[in-house]
Each structure stands twice: as C-alpha cells, then as structure tokens.
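Colleague: Got a structure for you, target-v2.cif, holding mmCIF, C-alpha atoms.
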```cif
data_start
#
loop_
_atom_site.label_atom_id
_atom_site.label_comp_id
_atom_site.auth_asym_id
_atom_site.auth_seq_id
_atom_site.Cartn_x
_atom_site.Cartn_y
_atom_site.Cartn_z
CA MET A 1 52.18 167.56 -234.22
CA LYS A 2 55.33 169.70 -233.99
CA SER A 3 54.38 170.85 -230.50
CA VAL A 4 54.05 167.21 -229.33
CA ILE A 5 57.49 166.36 -230.68
CA LEU A 6 58.94 169.51 -229.10
CA ALA A 7 57.32 168.67 -225.77
CA ALA A 8 58.68 165.13 -225.90
CA ALA A 9 62.17 166.44 -226.66
CA VAL A 10 62.00 168.85 -223.72
CA LEU A 11 60.89 166.03 -221.41
CA VAL A 12 63.77 163.84 -222.53
CA LEU A 13 66.27 166.63 -221.90
CA LEU A 14 64.78 167.43 -218.52
CA SER A 15 64.68 163.81 -217.45
CA GLY A 16 68.37 163.45 -218.27
CA ASN A 17 69.20 166.51 -216.17
CA LEU A 18 66.97 165.32 -213.33
CA ALA A 19 68.69 161.94 -213.37
CA SER A 20 72.11 163.56 -213.06
CA LEU A 21 70.83 165.88 -210.32
CA SER A 22 69.37 162.98 -208.37
CA ALA A 23 72.68 161.10 -208.69
CA LEU A 24 74.48 164.09 -207.20
CA ASP A 25 71.91 164.20 -204.44
CA GLY A 26 72.59 160.55 -203.58
CA LYS A 27 69.16 159.38 -204.75
CA GLY A 28 70.23 158.11 -208.16
CA VAL A 29 72.53 155.30 -209.13
CA PRO A 30 76.05 156.74 -209.13
CA SER A 31 78.29 154.63 -211.30
CA ALA A 32 81.50 155.77 -209.60
CA ASN A 33 80.32 154.41 -206.24
CA ALA A 34 78.92 151.16 -207.59
CA PRO A 35 81.56 148.93 -205.95
CA PHE A 36 80.97 150.68 -202.65
CA LEU A 37 77.23 150.17 -203.00
CA LEU A 38 77.75 146.49 -203.79
CA GLU A 39 79.87 146.12 -200.65
CA GLN A 40 77.03 147.61 -198.63
CA LYS A 41 74.55 145.30 -200.34
CA TYR A 42 76.82 142.34 -199.54
CA ASP A 43 76.92 143.35 -195.87
CA ARG A 44 73.12 143.62 -195.71
CA GLU A 45 72.47 140.33 -197.51
CA THR A 46 71.79 137.35 -195.27
CA LYS A 47 71.48 134.56 -197.82
CA PRO A 48 74.87 133.03 -198.70
CA LYS A 49 73.82 132.25 -202.27
CA ASN A 50 72.93 135.88 -202.93
CA ARG A 51 76.18 136.95 -201.30
CA VAL A 52 78.07 134.84 -203.84
CA LYS A 53 76.25 136.57 -206.72
CA ILE A 54 76.98 140.02 -205.28
CA ALA A 55 80.62 139.15 -204.66
CA ILE A 56 81.00 137.96 -208.26
CA GLN A 57 79.69 141.30 -209.50
CA LEU A 58 81.96 143.14 -207.10
CA THR A 59 85.08 141.27 -208.19
CA ASP A 60 84.27 142.03 -211.83
CA MET A 61 83.98 145.74 -211.06
CA ARG A 62 87.15 145.76 -208.98
CA LEU A 63 89.05 143.96 -211.75
CA GLN A 64 87.93 146.56 -214.28
CA LEU A 65 89.01 149.34 -211.93
CA MET A 66 92.34 147.63 -211.39
CA ARG A 67 92.86 147.30 -215.15
CA SER A 68 92.07 150.97 -215.67
CA SER A 69 94.40 151.98 -212.82
CA TYR A 70 97.31 150.56 -214.81
CA ASP A 71 96.35 152.82 -217.71
CA THR A 72 97.27 155.77 -215.50
CA VAL A 73 100.85 156.35 -214.46
CA ASP A 74 100.09 156.59 -210.73
CA PRO A 75 101.48 153.51 -208.90
CA GLU A 76 99.62 154.40 -205.69
CA LYS A 77 96.32 154.17 -207.51
CA ALA A 78 97.30 150.75 -208.83
CA LYS A 79 98.25 149.53 -205.34
CA GLU A 80 94.93 150.74 -203.94
CA ALA A 81 93.05 149.02 -206.77
CA ILE A 82 94.91 145.77 -206.06
CA THR A 83 94.02 145.98 -202.37
CA GLN A 84 90.36 146.59 -203.17
CA TYR A 85 90.32 143.73 -205.66
CA LEU A 86 91.83 141.31 -203.16
CA PHE A 87 89.25 142.42 -200.59
CA ALA A 88 86.48 141.65 -203.10
CA VAL A 89 87.98 138.22 -203.82
CA ASP A 90 88.16 137.56 -200.09
CA LEU A 91 84.44 138.42 -199.81
CA LEU A 92 83.75 135.95 -202.61
CA VAL A 93 85.68 133.18 -200.89
CA GLN A 94 83.89 133.87 -197.58
CA ALA A 95 80.52 133.73 -199.34
CA VAL A 96 81.42 130.45 -201.05
CA ARG A 97 82.51 128.94 -197.75
CA SER A 98 79.22 129.86 -196.10
CA ALA A 99 77.06 128.70 -199.03
CA SER A 100 76.33 125.01 -198.87
CA ASP A 101 75.35 124.74 -202.54
CA ALA A 102 78.13 123.36 -204.72
CA GLY A 103 76.61 125.05 -207.77
CA TYR A 104 77.52 128.47 -206.42
CA SER A 105 80.99 127.22 -205.57
CA LYS A 106 81.39 126.11 -209.16
CA ARG A 107 80.20 129.51 -210.43
CA ALA A 108 82.79 131.22 -208.26
CA GLU A 109 85.52 128.83 -209.40
CA ILE A 110 84.71 129.47 -213.08
CA HIS A 111 84.59 133.18 -212.37
CA LEU A 112 88.04 133.17 -210.77
CA ARG A 113 89.39 131.06 -213.64
CA ARG A 114 88.27 133.83 -216.03
CA HIS A 115 90.02 136.36 -213.85
CA GLU A 116 93.22 134.32 -214.05
CA ARG A 117 93.08 134.60 -217.84
CA GLU A 118 92.46 138.35 -217.51
CA PHE A 119 95.56 138.62 -215.34
CA LYS A 120 97.64 136.85 -217.97
CA ASN A 121 96.40 139.33 -220.56
CA LEU A 122 97.11 142.23 -218.22
CA GLN A 123 100.62 140.96 -217.54
CA MET A 124 101.37 140.92 -221.25
CA SER A 125 100.44 144.57 -221.55
CA LEU A 126 102.53 145.76 -218.58
CA SER A 127 106.20 146.50 -218.17
CA VAL A 128 108.45 144.08 -216.31
CA MET A 129 108.46 146.30 -213.22
CA GLU A 130 104.67 146.43 -213.05
CA ARG A 131 104.22 142.71 -213.65
CA THR A 132 105.48 141.59 -210.24
CA SER A 133 102.51 142.97 -208.33
CA VAL A 134 100.06 141.53 -210.85
CA GLU A 135 101.82 138.17 -210.71
CA GLN A 136 101.45 138.13 -206.92
CA VAL A 137 97.74 138.91 -207.18
CA ALA A 138 97.29 136.27 -209.87
CA GLY A 139 99.04 133.75 -207.62
CA GLN A 140 96.68 134.53 -204.75
CA VAL A 141 93.66 134.25 -207.03
CA THR A 142 94.92 130.90 -208.33
CA ARG A 143 95.41 129.61 -204.79
CA LEU A 144 91.89 130.68 -203.77
CA ARG A 145 90.37 129.21 -206.93
CA GLU A 146 92.06 125.91 -206.25
CA GLU A 147 90.79 125.99 -202.67
CA ILE A 148 87.24 126.43 -203.98
CA LEU A 149 87.78 123.68 -206.54
CA TYR A 150 89.02 121.26 -203.86
CA SER A 151 86.03 122.12 -201.68
CA ILE A 152 83.78 121.07 -204.56
CA MET A 153 85.63 117.79 -204.95
CA ASN A 154 85.62 117.10 -201.21
CA PRO A 155 82.36 118.63 -199.95
CA ARG A 156 81.63 119.17 -196.30
CA ASP A 157 79.06 116.88 -194.68
CA GLU A 158 76.40 119.62 -194.74
CA SER A 159 76.60 120.17 -198.50
CA ALA A 160 76.89 116.47 -199.28
CA ARG A 161 73.48 115.85 -197.75
CA LYS A 162 71.74 118.44 -199.95
#
```
Can the structure in the file be given as structure tokens, please?
Modeller:
Amino acid sequence: MKSVILAAAVLVLLSGNLASLSALDGKGVPSANAPFLLEQKYDRETKPKNRVKIAIQLTDMRLQLMRSSYDTVDPEKAKEAITQYLFAVDLLVQAVRSASDAGYSKRAEIHLRRHEREFKNLQMSLSVMERTSVEQVAGQVTRLREEILYSIMNPRDESARK
C-alpha cells in the first residue's frame, strides 16, 4: 500500500515538472502569453459571435494587466498596458459591429460598463498625476460603450430582421 502511495506521489511530482517543461517548450498553456494567444485566436476565428466572446476575455485580461502595471513604479509599463487594453477594446467593438445579434452587443455593453466601474476604482487608488491617463482611457471606454448601446437601440436593417 505504501508503494502505491509513493508511486502516485512521484507521478504527481513528475507531471507537474512535465507541465512546466512543456510550457517552456511552447506546447503547454503559458499564462504569461495568454493575451497574445487570445489575439491569435481572435484573428483565426471567423464567426463574429465567437469573436465577441474572445474579445471580452481579452479585454478582461488586458484590464488586469493594466491594473497590475500601476502597482509597479514604471510609467512606461503602464503606458504600454493602456495601449494594449485600448487595442483589445477596439477588437471588441469591431466584433460587435460585425455581429448581427443584439444579444452579443448587450453582453459587450454590460462588460464595458463593468470596466467603467473598475476604472473608477482604479482612479481612486492612484495619485493625481497618474489619474489623467486613466481618465482618458475611461472616457474612451464610455464613448465606445455608448456607441454599442445606441446600436442596440437603433439596430441596422440586417439585425432587425433576425
């Protein structure tokens, strides 16, 4: 019985090491490159509805990275994180525009509304000097969210038929 438990423990340890080795080899799921992998998945996806789902995941990851970049003292890292976040939001808006289903537009609008609240929380935790860039990003997100909201209220002819 002890030998079975010992063998199981060895297998668990080896599987953990193999997983980390395969991640270094590019065969595993590297968590640091997850946004990059989602961008590739977005580019490969042909269905607009699935693109919206991927873009929502990507914007969440980019927002988390942006939040963590403000924990460091490096302003260049924060600027890069803002640029990447805005790129992810732009992908979301493009996907919503191409999707003819208003349900996915509503999901994206709710998602961006949550991000607006996150920005307000982030602004409260930052200094006055750091707030200006976050306020600009929050303003852009608000403008894009309102654009999506207005597209739901005034649907195009294609989506109104469905």
Colleague: Could you check how far CA of Leu58 in chain A sits from CA of Met129 in chain A, in Å to one decimal?
Modeller: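 Interatomic distance here is 27.4 Å.
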Colleague: One decimal, Å: what's the distance from CA of Asp71 in chain A over to CA of Glu130 in chain A, could you say?
Modeller: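 Between these atoms lies a distance of 11.5 Å.
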Colleague: Ranking A:Val52, A:Ala34, A:Leu112, A:Leu122 by minimum distance to Gln94 in chain A and counting all atoms listed in the file, which one comes first?
Modeller: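 With all atoms listed in the file as the atom set, the closest residue is A:Val52.
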Colleague: For Ser133 in chain A, which of A:Val93, A:Thr83, A:Tyr150, A:Arg113 is the closest residue, counting all atoms listed in the file?
Modeller: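 The answer is A:Thr83, which sits nearest to Ser133 in chain A.
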Colleague: So which one's closest to Tyr42 in chain A, A:Gln84, A:Ser151, A:Gln57, A:Ser69? Using only C-alpha atoms, please.
Modeller: A:Gln57
Colleague: I'd like the interatomic distance between CA of Asn121 in chain A and CA of Val134 in chain A, to a tenth of an Å.
Modeller: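 Computing it gives 10.6 Å between the two atoms.
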Colleague: Compare A:Leu126, A:Val137, A:Ala95, A:Ile152 by their minimum atom-to-atom distance to Ile82 in chain A, counting all atoms listed in the file, and give me the closest one.
Modeller: A:Val137
Colleague: Can you spell out as a ChimeraX atom specification the set of residues that the PyMOL selection byres ((chain A and resi 136) around 12) selects in the structure I just provided?
Modeller: /A:79,82-83,86,116,119-120,123,130-135,137-143
Colleague: For the provided coordinates, the residues matched by the PyMOL selection byres ((chain A and resi 50) around 12) should be stated as a PyMOL selection string.
Modeller: chain A and resi 38+41-49+51-57+92+95-96+98-99+101+104
